[in-house]
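Below: the structure, in structure tokens.
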2 protein chains.
Amino acid sequence: MSDTSQGAASLPPPGHEPSLDEQIAAYQREFQDLDPQVEKVVSALGRLNRRMNVAYGRQVSELGISNTEWEVLKTLVVSGAPYRLGPGELAKRLGLTPAAMTHRIDRMANDGLVTRDRDENNRVRVIVELTDEGRAKWLEAMRRASAFEEDLLQDLSSEERGVLGEVLIRLLRRVEDTQPDAGGRLKDLDAQDQDGATAS
Amino acid sequence: MSDTSQGAASLPPPGHEPSLDEQIAAYQREFQDLDPQVEKVVSALGRLNRRMNVAYGRQVSELGISNTEWEVLKTLVVSGAPYRLGPGELAKRLGLTPAAMTHRIDRMANDGLVTRDRDENNRVRVIVELTDEGRAKWLEAMRRASAFEEDLLQDLSSEERGVLGEVLIRLLRRVEDTQPDAGGRLKDLDAQDQDGATAS
DNA sequence: CGTGAAGACTTTAAAGCTAAAGTTAGGATT
DNA sequence: AATCCTAACTTTAGCTTTAAAGTCTTCACG
């Protein structure tokens, strides 16, 4: 009885992060009905997306902005010149509550990335507008992001890229049809801070 | 001078969420070097992932757990029987700081999903172990998640699924090689709460 | 015009996270 | 075996976000 026979416990060795196949095998042991092919697609997609977001976070943090701020810049740029949206509209598109949007705009206005003014024609409304500095930051972030993205896809032929894009869009449509967004916000924490290195 | 001639501003009408193509077109207007094909793949991937996470959040919230708690359950299940890991190991795999892990374990232990004990053989270490209830929650969540996933992929042939999985894994390998995880944590906010409906 | 109701933020309280400092047990050195 | 060092959490302070309540226009009606 000198070793850890049964009751209270000892810990297995630290262990590596499980590979995709190990993960799926583990799930199957507990839940036999699982379709490994489906799970492989879904898990790969999730892991890929996570790694990509970490990469984006590293890149934009070099520019002195966080991933969340970058999301706001992108949304304003997509809206087109003159790069103006209200807080409510921004919140809806970013999947945030209006309260969070208020604070985020505070910070970004403080940093000079956007301005915040009242609408002349309707003084209840607020207009958030991209500054030149904000636009420049977006552009530089976009440069780096697209370089990263091209590097990521470099091993795929143009045909493969096309097919991949089409398949993903089919899936996107499917999920949009199946899971309507219940009135607005699409909360998912898609973006957040990530400083360059966490290494000690 | 009765209308909004130039200076301070008025807001364009509320507007719809831009489609993928509109988004890419907007980016191209500001940044001509952008490869639309690459951007299409990347943007579709991001949107798809976001929608999926929202859907997962809705599903697990029906079971009374949050998406973040579900991530912990998954990690413990993947580790295999006897479903034990230390807080540090969990934190690393989930991309959290140890501090956040401490609090998360507090809450989950309170809810009866896991237990927290000291390691007999090394009293500095803590052992987090899945309870039967936690395992049951995981199983039910997994059932629902896999039903959702199969529904999502239903229009893809088995061959398409296979190809898609392989391509995604190639991309995953590429990003892992290119963007090493700098010593451990992979922070990205991959999971968070999402209550069923936000509608008022 | 005065009043009520609705809309669009903002404010407040509380949850959950990060960074940094603090504890405590195990090992290594001498 | 005394001391220092390291590892593995936990605690504390501050930030960001959510939910709910509050404020301030504007619009519709009487």
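We name chains A, B, ... following the order of the structure tokens; residues begin at 1 in each chain, and ligands are numbered from 1 as shown.
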Can you list every residue of chain D that has an atom at most 12 Å from chain B, with its nearest atom pair and the distance in Å to one decimal, using only C-alpha atoms (C1' of nucleotides), ordered by chain then number, as a Markdown table?
```
| residue | atom | partner | partner_atom | distance |
| --- | --- | --- | --- | --- |
| D:DA7 | C1' | B:Val124 | CA | 8.4 |
| D:DA8 | C1' | B:Val124 | CA | 6.1 |
| D:DC9 | C1' | B:Val124 | CA | 7.4 |
| D:DT10 | C1' | B:Ala99 | CA | 7.4 |
| D:DT11 | C1' | B:Ala99 | CA | 8.8 |
| D:DT12 | C1' | B:Ala99 | CA | 10.8 |
| D:DT17 | C1' | B:Asp193 | CA | 11.1 |
| D:DT18 | C1' | B:Asp193 | CA | 10.0 |
| D:DA19 | C1' | B:Thr198 | CA | 11.0 |
```
So that each row is one residue of chain C with an atom at most 12 Å from chain B, can you give its shortest atom pair and the distance in Å to one decimal, using only C-alpha atoms (C1' of nucleotides), rows by chain and rising number, as a tab-separated table?
```
residue	atom	partner	partner_atom	distance
C:DA15	C1'	B:His103	CA	11.1
C:DG16	C1'	B:Ala100	CA	7.8
C:DC17	C1'	B:Ala100	CA	6.1
C:DT18	C1'	B:Thr97	CA	7.1
C:DA19	C1'	B:Thr97	CA	9.3
C:DA20	C1'	B:Ala99	CA	10.8
C:DT23	C1'	B:Val124	CA	10.4
C:DT24	C1'	B:Val124	CA	7.3
C:DA25	C1'	B:Val124	CA	5.3
C:DG26	C1'	B:Asn122	CA	7.9
```
Write a file of the just-selected residues containing N, CA and C atoms (P, O5', C5', C4', C3', O3' and C1' of nucleotides), as a short mmCIF file (atom, residue, chain, number, x, y, z; two decimals), in the first residue's frame.
```cif
data_model
loop_
_atom_site.label_atom_id
_atom_site.label_comp_id
_atom_site.auth_asym_id
_atom_site.auth_seq_id
_atom_site.Cartn_x
_atom_site.Cartn_y
_atom_site.Cartn_z
P DA C 15 -21.51 39.24 -8.69
"O5'" DA C 15 -20.87 38.58 -10.00
"C5'" DA C 15 -21.74 38.23 -11.08
"C4'" DA C 15 -20.92 38.01 -12.33
"C3'" DA C 15 -19.80 37.00 -12.18
"O3'" DA C 15 -19.79 36.17 -13.33
"C1'" DA C 15 -18.91 39.05 -12.93
P DG C 16 -18.93 34.85 -13.33
"O5'" DG C 16 -17.61 35.32 -14.10
"C5'" DG C 16 -17.71 35.68 -15.46
"C4'" DG C 16 -16.34 36.08 -15.97
"C3'" DG C 16 -15.21 35.14 -15.53
"O3'" DG C 16 -14.41 34.85 -16.65
"C1'" DG C 16 -14.69 37.36 -14.99
P DC C 17 -13.12 33.95 -16.56
"O5'" DC C 17 -11.99 35.02 -16.96
"C5'" DC C 17 -12.15 35.78 -18.15
"C4'" DC C 17 -11.05 36.82 -18.25
"C3'" DC C 17 -9.67 36.26 -17.93
"O3'" DC C 17 -8.74 36.49 -18.99
"C1'" DC C 17 -10.13 38.22 -16.65
P DT C 18 -7.24 35.90 -18.73
"O5'" DT C 18 -6.46 37.24 -18.38
"C5'" DT C 18 -6.40 38.30 -19.34
"C4'" DT C 18 -5.48 39.40 -18.83
"C3'" DT C 18 -4.04 38.92 -18.57
"O3'" DT C 18 -3.15 39.88 -19.10
"C1'" DT C 18 -4.99 39.83 -16.58
P DA C 19 -1.57 39.53 -19.06
"O5'" DA C 19 -1.03 40.37 -17.82
"C5'" DA C 19 -1.43 41.73 -17.69
"C4'" DA C 19 -0.78 42.32 -16.45
"C3'" DA C 19 0.65 41.82 -16.18
"O3'" DA C 19 1.39 42.92 -15.65
"C1'" DA C 19 -0.75 41.25 -14.36
P DA C 20 2.96 42.75 -15.34
"O5'" DA C 20 3.00 42.78 -13.75
"C5'" DA C 20 2.15 43.70 -13.05
"C4'" DA C 20 2.20 43.38 -11.58
"C3'" DA C 20 3.55 42.84 -11.10
"O3'" DA C 20 3.78 43.34 -9.79
"C1'" DA C 20 1.89 41.31 -10.55
P DT C 23 2.62 37.14 2.05
"O5'" DT C 23 2.11 35.63 2.11
"C5'" DT C 23 2.14 34.88 0.93
"C4'" DT C 23 1.43 33.56 1.15
"C3'" DT C 23 2.13 32.64 2.14
"O3'" DT C 23 1.19 31.75 2.70
"C1'" DT C 23 2.48 31.88 -0.09
P DT C 24 1.64 30.84 3.99
"O5'" DT C 24 2.12 29.47 3.34
"C5'" DT C 24 1.25 28.81 2.42
"C4'" DT C 24 2.01 27.69 1.74
"C3'" DT C 24 3.01 26.95 2.66
"O3'" DT C 24 2.82 25.57 2.47
"C1'" DT C 24 4.05 27.59 0.67
P DA C 25 3.51 24.49 3.48
"O5'" DA C 25 4.10 23.46 2.42
"C5'" DA C 25 3.20 22.90 1.47
"C4'" DA C 25 4.01 22.29 0.35
"C3'" DA C 25 5.03 21.25 0.80
"O3'" DA C 25 5.00 20.19 -0.12
"C1'" DA C 25 6.13 23.00 -0.33
P DG C 26 5.69 18.79 0.17
"O5'" DG C 26 6.79 18.66 -0.97
"C5'" DG C 26 7.20 19.81 -1.64
"C4'" DG C 26 8.03 19.46 -2.85
"C3'" DG C 26 9.07 18.37 -2.64
"O3'" DG C 26 9.43 17.83 -3.91
"C1'" DG C 26 10.09 20.51 -2.59
#
```
Query raised in the report: So how far away is atom CA of A:Leu34 from atom CA of A:Val167, in Å?
Result: 22.3 Å
**Report entry** Non-local contacts of stretch 140-152 of chain A (9 Å; only C-alpha atoms (C1' of nucleotides); under 2 positions in same chain excluded) as a list in words
**Finding:**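 Final neighbour list, sorted by chain and number: Met52, Ala55, Tyr56, Gln59, Val60, Leu63, Trp70, Lys74, Arg135, Ala136, Lys137, Trp138, Gln154, Asp155 and Leu156 of chain A; Tyr27, Phe31, Asp33, Leu34, Asp35, Val38, Glu39, Val42, Leu171, Leu172, Arg174, Val175 and Thr178 of chain B.
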Query raised in the report: Pick from A:Asp119, A:Thr75, A:Ser43, A:Arg173: nearest to chain B, with only C-alpha atoms counted?
Result: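 The closest residue to chain B is A:Asp119.
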Report task. Quote the spacing between atom CA of A:Tyr83 and atom CA of B:Asn49 in Å to one decimal place. Result ->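 These atoms are spaced 26.6 Å apart.
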Requested in this report: Can you work out the spacing between atom CA of B:Gly15 and atom CA of A:Leu94 in Å, to one decimal?
Outcome: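 One can read the atom CA of B:Gly15 to atom CA of A:Leu94 distance as 14.1 Å.
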What's around B:Gln37 at 12 Å? Count only C-alpha atoms (C1' of nucleotides), leave out sequence neighbours fewer than 5 positions away in its own chain, and write the answer as an mmCIF file with C-alpha atoms, in the first residue's frame.
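Result file result12.cif:
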```cif
data_model
loop_
_atom_site.group_PDB
_atom_site.id
_atom_site.type_symbol
_atom_site.label_atom_id
_atom_site.label_comp_id
_atom_site.auth_asym_id
_atom_site.auth_seq_id
_atom_site.Cartn_x
_atom_site.Cartn_y
_atom_site.Cartn_z
ATOM 1 C CA SER A 146 -2.945 40.271 -45.300
ATOM 2 C CA GLU A 149 -2.962 35.496 -44.481
ATOM 3 C CA GLU A 150 -1.165 35.034 -47.766
ATOM 4 C CA LEU A 153 -2.525 30.015 -47.566
ATOM 5 C CA LEU A 156 -2.909 26.018 -51.407
ATOM 6 C CA SER A 157 -3.367 26.256 -55.142
ATOM 7 C CA SER A 158 -5.623 28.944 -56.483
ATOM 8 C CA GLU A 159 -8.207 26.294 -57.230
ATOM 9 C CA GLU A 160 -8.034 24.936 -53.715
ATOM 10 C CA ARG A 161 -8.494 28.404 -52.318
ATOM 11 C CA GLY A 162 -11.537 28.927 -54.457
ATOM 12 C CA VAL A 163 -13.125 25.661 -53.436
ATOM 13 C CA LEU A 164 -12.328 26.218 -49.797
ATOM 14 C CA GLY A 165 -13.898 29.647 -49.907
ATOM 15 C CA GLU A 166 -17.050 28.334 -51.535
ATOM 16 C CA LEU B 20 -18.885 39.149 -47.185
ATOM 17 C CA ASP B 21 -18.546 40.527 -50.692
ATOM 18 C CA ILE B 24 -14.148 42.693 -49.149
ATOM 19 C CA ALA B 25 -15.017 45.323 -51.706
ATOM 20 C CA GLN B 28 -10.165 46.790 -51.516
ATOM 21 C CA VAL B 42 -10.236 34.135 -44.160
ATOM 22 C CA SER B 43 -13.341 36.200 -43.589
ATOM 23 C CA ALA B 44 -15.702 33.310 -44.184
#
```
Query raised in the report: If you run DSSP on this backbone, which residues of stretch 108-198 of chain B come out as strand (DSSP E), and could you give them as a PyMOL selection string?
Result: chain B and resi 114-118+126-130
Those residues you just picked out, can you put them in a file as a PDB file, in the first residue's frame with C-alpha atoms?
```
ATOM      1  CA  VAL B 114     -15.367  19.244 -10.428  1.00  0.00           C
ATOM      2  CA  THR B 115     -13.580  18.602  -7.147  1.00  0.00           C
ATOM      3  CA  ARG B 116     -10.420  20.296  -5.999  1.00  0.00           C
ATOM      4  CA  ASP B 117      -7.909  18.451  -3.782  1.00  0.00           C
ATOM      5  CA  ARG B 118      -4.285  18.563  -2.887  1.00  0.00           C
ATOM      6  CA  VAL B 126      -3.705  20.665  -6.697  1.00  0.00           C
ATOM      7  CA  ILE B 127      -5.806  18.088  -8.492  1.00  0.00           C
ATOM      8  CA  VAL B 128      -8.942  19.076 -10.297  1.00  0.00           C
ATOM      9  CA  GLU B 129     -11.124  16.071 -10.994  1.00  0.00           C
ATOM     10  CA  LEU B 130     -14.319  15.759 -12.967  1.00  0.00           C
TER      11      LEU B 130
END
```
Query - Residues of stretch 20-164 of chain A in helix (DSSP H, G or I), written as an MDAnalysis selection string - result: chainID A and resid 20:30 36:61 67:78 87:94 98:110 132:152 158:164
